[in-house]
Every structure is written in C-alpha cells, then in structure tokens.
Amino acid sequence: MELAKNATALEVYRAWNTSLLSGDVQGATRLIDAENWYEKCLGLTDWLTDFEVALTHYEKNMVKPWRDLEMYEEDVVEGSDAVTIRFRVEATHVGEFQGVPATGRRISFHAIRIVNVKNGKVTGQWAQLDLWGIHQQLTTPATVQGSEGA
C-alpha cells in the first residue's frame, strides 16, 4: 500500500494494520522501521526489538488461533508521532490460545494499542488485549453461557 509522503500517524497505522490483517507481511514490513523497532503485548510478550520475532508472536497469538478476525475501532487519539486506538475484536477460536485448545466459539473482546510512528514508519507498539475476558469466553461451559435467559 502506497502512502502519501506526508501521511499522518493514523494513516500509517491503518495501512500497517490493514496489511497485517490481510496477511500481507511484506506490505507490513515496508511500513515499519526495523532498526528502531520495539513492541510489548502485555501478558503475551516481553519487550521485543526485532520485528521478525514480533511477527512470530503475532502469528502465534493473533493469526493461528483465530479465523474471521475483524477489528472495529471504537476510540482513536492521534498525535503527531503516535496513535492510541481502543478497538473491539470479533473472531472464531480455531486453534490453541494461551493453553486453551480450539473451542469453535465466536468471541468478542477489547484491546488497546499505542502505536508510535516516525518519518512515515511504524517504530513500535504497546498493546493490551482483554486476556481475562478472552479466557472467560473460551473456558466458561456452554451450558452456563446459554443459561442467562433461563
């Protein structure tokens, strides 16, 4: 995806995120500054400074366990060199996630990302997924989930 030379931090983030969600790793890689990369996904990774390593964690935690993953921005705060996004994710659980084997359940959870952008490139991010909410949706017995209206 080609961006204008004066693209805003939000435009750079959205292009990068679109590349990641569509599986376009080369496109995502073109939009990052690998020499200055840093990332932390609270509860999932320690601080990472290698984008290739970060991609393996992304694959393990956000690609393999889920199908039909959709992200919906709910709040966006943009600065000149950073974007904070609170978003809702919907996905079907089809592979092991944090020790929980595939359930086939369609779940929804919230997450926050703070993405840093410099000179038109993403330099890193800090992310927080609602891991407890995900865990509860994946491990609550189906009979309990469906009994609220009983």
# chains A, B, ... in the order shown; residues from 1 in each chain; ligands from 1
$ select_by_dssp --residues "segment 13-118 of chain A" --states "strand (DSSP E)" --output "number ranges by chain"
A: 38-42, 66-78, 82-93, 106-118
$ write_last_selection --atoms "N, CA and C atoms" --output "compact mmCIF listing (two decimals), in the first residue's frame"
# COMPACT_ATOMS: atom_id res chain seq x y z
N TYR A 38 10.41 -1.58 18.57
CA TYR A 38 10.19 -2.08 19.92
C TYR A 38 8.71 -2.35 20.08
N GLU A 39 8.39 -3.38 20.84
CA GLU A 39 7.00 -3.78 20.98
C GLU A 39 6.80 -4.54 22.28
N LYS A 40 5.65 -4.34 22.87
CA LYS A 40 5.25 -5.13 24.03
C LYS A 40 3.76 -5.38 23.92
N CYS A 41 3.38 -6.64 24.00
CA CYS A 41 1.98 -7.03 24.08
C CYS A 41 1.79 -7.57 25.49
N LEU A 42 1.27 -6.71 26.34
CA LEU A 42 1.17 -7.01 27.77
C LEU A 42 0.47 -8.35 28.00
N TRP A 66 -7.23 -17.91 15.47
CA TRP A 66 -8.47 -17.23 15.11
C TRP A 66 -8.75 -17.30 13.62
N ARG A 67 -10.04 -17.34 13.27
CA ARG A 67 -10.49 -17.20 11.89
C ARG A 67 -11.53 -16.10 11.87
N ASP A 68 -11.71 -15.53 10.70
CA ASP A 68 -12.72 -14.48 10.51
C ASP A 68 -12.52 -13.34 11.51
N LEU A 69 -11.27 -12.99 11.78
CA LEU A 69 -10.96 -11.93 12.73
C LEU A 69 -11.33 -10.58 12.13
N GLU A 70 -12.09 -9.81 12.90
CA GLU A 70 -12.49 -8.48 12.48
C GLU A 70 -12.17 -7.50 13.60
N MET A 71 -11.67 -6.33 13.24
CA MET A 71 -11.34 -5.29 14.22
C MET A 71 -12.18 -4.06 13.93
N TYR A 72 -12.74 -3.48 15.00
CA TYR A 72 -13.56 -2.29 14.88
C TYR A 72 -13.00 -1.21 15.80
N GLU A 73 -12.54 -0.12 15.22
CA GLU A 73 -12.03 1.00 16.02
C GLU A 73 -13.19 1.62 16.79
N GLU A 74 -12.98 1.82 18.09
CA GLU A 74 -14.01 2.46 18.91
C GLU A 74 -13.58 3.84 19.38
N ASP A 75 -12.31 4.01 19.71
CA ASP A 75 -11.77 5.32 20.09
C ASP A 75 -10.40 5.45 19.46
N VAL A 76 -10.13 6.64 18.93
CA VAL A 76 -8.83 6.91 18.31
C VAL A 76 -8.35 8.27 18.81
N VAL A 77 -7.12 8.30 19.31
CA VAL A 77 -6.49 9.56 19.69
C VAL A 77 -5.18 9.62 18.91
N GLU A 78 -5.04 10.68 18.11
CA GLU A 78 -3.88 10.79 17.24
C GLU A 78 -3.02 11.98 17.63
N ALA A 82 2.24 9.43 17.29
CA ALA A 82 1.67 8.25 17.93
C ALA A 82 0.16 8.24 17.75
N VAL A 83 -0.40 7.04 17.80
CA VAL A 83 -1.83 6.85 17.72
C VAL A 83 -2.22 5.87 18.82
N THR A 84 -3.27 6.18 19.55
CA THR A 84 -3.82 5.26 20.53
C THR A 84 -5.20 4.85 20.02
N ILE A 85 -5.40 3.54 19.94
CA ILE A 85 -6.64 3.01 19.42
C ILE A 85 -7.22 2.02 20.42
N ARG A 86 -8.48 2.24 20.78
CA ARG A 86 -9.21 1.23 21.54
C ARG A 86 -10.14 0.58 20.52
N PHE A 87 -10.07 -0.74 20.44
CA PHE A 87 -10.85 -1.41 19.42
C PHE A 87 -11.47 -2.68 19.97
N ARG A 88 -12.48 -3.13 19.27
CA ARG A 88 -13.16 -4.39 19.59
C ARG A 88 -12.78 -5.39 18.51
N VAL A 89 -12.52 -6.60 18.94
CA VAL A 89 -12.15 -7.68 18.04
C VAL A 89 -13.24 -8.75 18.12
N GLU A 90 -13.62 -9.28 16.98
CA GLU A 90 -14.50 -10.44 16.91
C GLU A 90 -13.76 -11.50 16.11
N ALA A 91 -13.79 -12.73 16.60
CA ALA A 91 -13.08 -13.80 15.91
C ALA A 91 -13.63 -15.15 16.36
N THR A 92 -13.39 -16.16 15.54
CA THR A 92 -13.76 -17.53 15.87
C THR A 92 -12.50 -18.26 16.32
N HIS A 93 -12.58 -18.91 17.47
CA HIS A 93 -11.44 -19.59 18.09
C HIS A 93 -11.24 -20.97 17.45
N ARG A 106 -17.31 -18.19 18.70
CA ARG A 106 -17.14 -16.82 18.18
C ARG A 106 -17.15 -15.92 19.40
N ILE A 107 -16.06 -15.16 19.59
CA ILE A 107 -15.96 -14.30 20.77
C ILE A 107 -15.70 -12.86 20.35
N SER A 108 -15.84 -11.98 21.33
CA SER A 108 -15.59 -10.56 21.13
C SER A 108 -14.81 -10.06 22.33
N PHE A 109 -13.78 -9.25 22.08
CA PHE A 109 -13.00 -8.68 23.17
C PHE A 109 -12.47 -7.32 22.78
N HIS A 110 -12.06 -6.56 23.77
CA HIS A 110 -11.49 -5.23 23.55
C HIS A 110 -9.98 -5.27 23.69
N ALA A 111 -9.34 -4.32 23.05
CA ALA A 111 -7.89 -4.18 23.13
C ALA A 111 -7.53 -2.71 22.94
N ILE A 112 -6.34 -2.38 23.38
CA ILE A 112 -5.81 -1.03 23.20
C ILE A 112 -4.41 -1.16 22.60
N ARG A 113 -4.12 -0.29 21.66
CA ARG A 113 -2.79 -0.21 21.06
C ARG A 113 -2.31 1.22 21.13
N ILE A 114 -1.07 1.40 21.51
CA ILE A 114 -0.39 2.68 21.34
C ILE A 114 0.69 2.41 20.31
N VAL A 115 0.56 3.03 19.17
CA VAL A 115 1.47 2.78 18.04
C VAL A 115 2.28 4.04 17.78
N ASN A 116 3.59 3.88 17.77
CA ASN A 116 4.48 5.02 17.52
C ASN A 116 4.88 5.05 16.05
N VAL A 117 4.88 6.25 15.49
CA VAL A 117 5.18 6.46 14.08
C VAL A 117 6.20 7.59 13.97
N LYS A 118 7.21 7.36 13.16
CA LYS A 118 8.22 8.40 12.92
C LYS A 118 8.62 8.36 11.45
$ residues_around --residues "segment 44-48 of chain A" --least-positions-apart "5" --cutoff "10 Å" --atoms "only C-alpha atoms" --output "VMD selection string"
chain A and resid 37 to 39 53 to 54 57 to 58 61 98 124 to 129 131
$ select_by_dssp --residues "chain A" --states "helix (DSSP H, G or I)" --output "tab-separated table (two decimals) with N, CA, C and O atoms, in the first residue's frame"
chain	number	residue	atom	x	y	z
A	9	ALA	N	0.11	9.96	11.23
A	9	ALA	CA	0.38	8.77	12.04
A	9	ALA	C	-0.78	7.79	11.94
A	9	ALA	O	-0.58	6.58	11.84
A	10	LEU	N	-2.00	8.29	11.94
A	10	LEU	CA	-3.18	7.43	11.84
A	10	LEU	C	-3.24	6.73	10.48
A	10	LEU	O	-3.53	5.53	10.42
A	11	GLU	N	-2.93	7.44	9.41
A	11	GLU	CA	-2.92	6.82	8.09
A	11	GLU	C	-1.86	5.73	8.00
A	11	GLU	O	-2.10	4.66	7.43
A	12	VAL	N	-0.68	5.98	8.56
A	12	VAL	CA	0.39	4.97	8.55
A	12	VAL	C	-0.05	3.76	9.36
A	12	VAL	O	0.08	2.62	8.91
A	13	TYR	N	-0.60	3.99	10.56
A	13	TYR	CA	-1.07	2.88	11.40
A	13	TYR	C	-2.12	2.05	10.65
A	13	TYR	O	-2.04	0.82	10.62
A	14	ARG	N	-3.11	2.72	10.07
A	14	ARG	CA	-4.19	1.98	9.40
A	14	ARG	C	-3.67	1.16	8.21
A	14	ARG	O	-4.10	0.03	8.00
A	15	ALA	N	-2.74	1.70	7.47
A	15	ALA	CA	-2.16	0.95	6.35
A	15	ALA	C	-1.39	-0.27	6.87
A	15	ALA	O	-1.50	-1.37	6.32
A	16	TRP	N	-0.62	-0.08	7.93
A	16	TRP	CA	0.15	-1.17	8.54
A	16	TRP	C	-0.79	-2.24	9.08
A	16	TRP	O	-0.62	-3.43	8.82
A	17	ASN	N	-1.82	-1.82	9.82
A	17	ASN	CA	-2.76	-2.77	10.40
A	17	ASN	C	-3.53	-3.52	9.32
A	17	ASN	O	-3.74	-4.74	9.44
A	18	THR	N	-3.91	-2.83	8.27
A	18	THR	CA	-4.61	-3.48	7.15
A	18	THR	C	-3.72	-4.55	6.53
A	18	THR	O	-4.19	-5.65	6.22
A	19	SER	N	-2.44	-4.24	6.36
A	19	SER	CA	-1.50	-5.23	5.82
A	19	SER	C	-1.41	-6.44	6.72
A	19	SER	O	-1.47	-7.59	6.25
A	20	LEU	N	-1.29	-6.21	8.03
A	20	LEU	CA	-1.21	-7.33	8.96
A	20	LEU	C	-2.47	-8.19	8.92
A	20	LEU	O	-2.40	-9.43	8.84
A	21	LEU	N	-3.64	-7.55	8.96
A	21	LEU	CA	-4.90	-8.29	8.98
A	21	LEU	C	-5.13	-9.08	7.70
A	21	LEU	O	-5.76	-10.15	7.74
A	22	SER	N	-4.63	-8.58	6.59
A	22	SER	CA	-4.82	-9.28	5.31
A	22	SER	C	-3.75	-10.34	5.05
A	22	SER	O	-3.81	-11.03	4.04
A	25	VAL	N	2.49	-9.65	4.86
A	25	VAL	CA	3.65	-9.41	5.71
A	25	VAL	C	4.64	-8.47	5.02
A	25	VAL	O	5.22	-7.60	5.67
A	26	GLN	N	4.83	-8.62	3.72
A	26	GLN	CA	5.75	-7.73	3.01
A	26	GLN	C	5.26	-6.29	3.07
A	26	GLN	O	6.04	-5.37	3.28
A	27	GLY	N	3.96	-6.10	2.91
A	27	GLY	CA	3.39	-4.75	3.00
A	27	GLY	C	3.58	-4.17	4.39
A	27	GLY	O	3.94	-3.01	4.55
A	28	ALA	N	3.34	-4.99	5.42
A	28	ALA	CA	3.52	-4.54	6.80
A	28	ALA	C	4.98	-4.20	7.06
A	28	ALA	O	5.29	-3.19	7.71
A	29	THR	N	5.88	-5.01	6.54
A	29	THR	CA	7.31	-4.80	6.75
A	29	THR	C	7.77	-3.51	6.08
A	29	THR	O	8.61	-2.80	6.63
A	30	ARG	N	7.21	-3.17	4.93
A	30	ARG	CA	7.58	-1.92	4.25
A	30	ARG	C	7.16	-0.70	5.06
A	30	ARG	O	7.70	0.39	4.88
A	34	ALA	N	12.50	-1.11	11.02
A	34	ALA	CA	13.04	-2.30	11.69
A	34	ALA	C	14.22	-1.98	12.59
A	34	ALA	O	14.42	-2.64	13.61
A	35	GLU	N	15.01	-0.96	12.25
A	35	GLU	CA	16.18	-0.63	13.06
A	35	GLU	C	15.82	-0.04	14.42
A	35	GLU	O	16.59	-0.12	15.36
A	36	ASN	N	14.65	0.55	14.52
A	36	ASN	CA	14.23	1.18	15.78
A	36	ASN	C	13.01	0.51	16.40
A	36	ASN	O	12.33	1.10	17.22
A	51	PHE	N	11.54	-7.04	14.69
A	51	PHE	CA	10.24	-7.15	14.06
A	51	PHE	C	9.94	-8.57	13.60
A	51	PHE	O	8.80	-9.02	13.68
A	52	GLU	N	10.95	-9.29	13.14
A	52	GLU	CA	10.72	-10.68	12.70
A	52	GLU	C	10.26	-11.54	13.88
A	52	GLU	O	9.36	-12.37	13.73
A	53	VAL	N	10.85	-11.35	15.05
A	53	VAL	CA	10.41	-12.07	16.25
A	53	VAL	C	8.99	-11.64	16.62
A	53	VAL	O	8.14	-12.47	16.96
A	54	ALA	N	8.73	-10.34	16.53
A	54	ALA	CA	7.38	-9.83	16.82
A	54	ALA	C	6.36	-10.48	15.88
A	54	ALA	O	5.25	-10.83	16.31
A	55	LEU	N	6.71	-10.66	14.62
A	55	LEU	CA	5.80	-11.30	13.67
A	55	LEU	C	5.50	-12.75	14.06
A	55	LEU	O	4.38	-13.22	13.88
A	56	THR	N	6.50	-13.46	14.60
A	56	THR	CA	6.23	-14.84	15.02
A	56	THR	C	5.25	-14.86	16.18
A	56	THR	O	4.38	-15.74	16.25
A	57	HIS	N	5.35	-13.90	17.08
A	57	HIS	CA	4.39	-13.81	18.19
A	57	HIS	C	3.00	-13.43	17.67
A	57	HIS	O	1.99	-13.95	18.14
A	58	TYR	N	2.95	-12.51	16.71
A	58	TYR	CA	1.68	-12.12	16.10
A	58	TYR	C	1.02	-13.33	15.46
A	58	TYR	O	-0.17	-13.58	15.65
A	59	GLU	N	1.79	-14.09	14.72
A	59	GLU	CA	1.29	-15.32	14.07
A	59	GLU	C	0.75	-16.29	15.11
A	59	GLU	O	-0.35	-16.83	14.97
A	60	LYS	N	1.50	-16.49	16.19
A	60	LYS	CA	1.11	-17.44	17.24
A	60	LYS	C	-0.16	-16.99	17.98
A	60	LYS	O	-1.03	-17.81	18.28
A	61	ASN	N	-0.27	-15.70	18.27
A	61	ASN	CA	-1.35	-15.22	19.13
A	61	ASN	C	-2.55	-14.61	18.40
A	61	ASN	O	-3.66	-14.60	18.96
A	62	MET	N	-2.34	-14.09	17.18
A	62	MET	CA	-3.44	-13.39	16.51
A	62	MET	C	-3.83	-14.00	15.17
A	62	MET	O	-4.86	-13.63	14.62
A	63	VAL	N	-3.02	-14.91	14.62
A	63	VAL	CA	-3.37	-15.50	13.33
A	63	VAL	C	-3.82	-16.94	13.50
A	63	VAL	O	-4.95	-17.30	13.17
A	131	LEU	N	-7.20	-10.13	28.07
A	131	LEU	CA	-6.89	-11.56	28.17
A	131	LEU	C	-7.85	-12.30	29.11
A	131	LEU	O	-8.23	-13.44	28.84
A	132	TRP	N	-8.25	-11.66	30.21
A	132	TRP	CA	-9.18	-12.30	31.14
A	132	TRP	C	-10.54	-12.50	30.47
A	132	TRP	O	-11.16	-13.55	30.59
A	133	GLY	N	-11.00	-11.49	29.74
A	133	GLY	CA	-12.27	-11.62	29.03
A	133	GLY	C	-12.22	-12.71	27.98
A	133	GLY	O	-13.18	-13.48	27.81
A	134	ILE	N	-11.11	-12.80	27.26
A	134	ILE	CA	-10.94	-13.87	26.26
A	134	ILE	C	-10.98	-15.21	26.96
A	134	ILE	O	-11.71	-16.13	26.54
A	135	HIS	N	-10.21	-15.36	28.03
A	135	HIS	CA	-10.15	-16.62	28.76
A	135	HIS	C	-11.54	-17.04	29.25
A	135	HIS	O	-11.92	-18.20	29.12
A	136	GLN	N	-12.28	-16.10	29.82
A	136	GLN	CA	-13.63	-16.43	30.32
A	136	GLN	C	-14.53	-16.91	29.19
A	136	GLN	O	-15.27	-17.88	29.37
A	137	GLN	N	-14.48	-16.24	28.06
A	137	GLN	CA	-15.34	-16.65	26.94
A	137	GLN	C	-14.96	-18.02	26.39
A	137	GLN	O	-15.82	-18.77	25.93
A	138	LEU	N	-13.67	-18.35	26.45
A	138	LEU	CA	-13.22	-19.63	25.89
A	138	LEU	C	-13.39	-20.78	26.85
A	138	LEU	O	-13.48	-21.93	26.42
A	139	THR	N	-13.45	-20.51	28.16
A	139	THR	CA	-13.46	-21.61	29.14
A	139	THR	C	-14.76	-21.77	29.90
A	139	THR	O	-14.94	-22.78	30.57
A	142	ALA	N	-20.46	-24.17	28.01
A	142	ALA	CA	-21.51	-23.72	27.10
A	142	ALA	C	-22.86	-23.66	27.80
A	142	ALA	O	-23.66	-22.77	27.55
A	143	THR	N	-23.13	-24.60	28.72
A	143	THR	CA	-24.43	-24.60	29.40
A	143	THR	C	-24.58	-23.38	30.29
A	143	THR	O	-25.67	-22.84	30.42
A	144	VAL	N	-23.46	-22.91	30.88
A	144	VAL	CA	-23.52	-21.72	31.72
A	144	VAL	C	-23.72	-20.48	30.85
A	144	VAL	O	-24.51	-19.61	31.17
A	145	GLN	N	-23.02	-20.42	29.73
A	145	GLN	CA	-23.14	-19.26	28.83
A	145	GLN	C	-24.57	-19.12	28.33
A	145	GLN	O	-25.09	-18.04	28.23
$ atom_distance --atom1 "atom CA of Glu2 of chain A" --atom2 "atom CA of Asp33 of chain A"
15.7 Å
$ atom_distance --atom1 "atom CA of Lys64 of chain A" --atom2 "atom CA of Lys121 of chain A"
26.1 Å
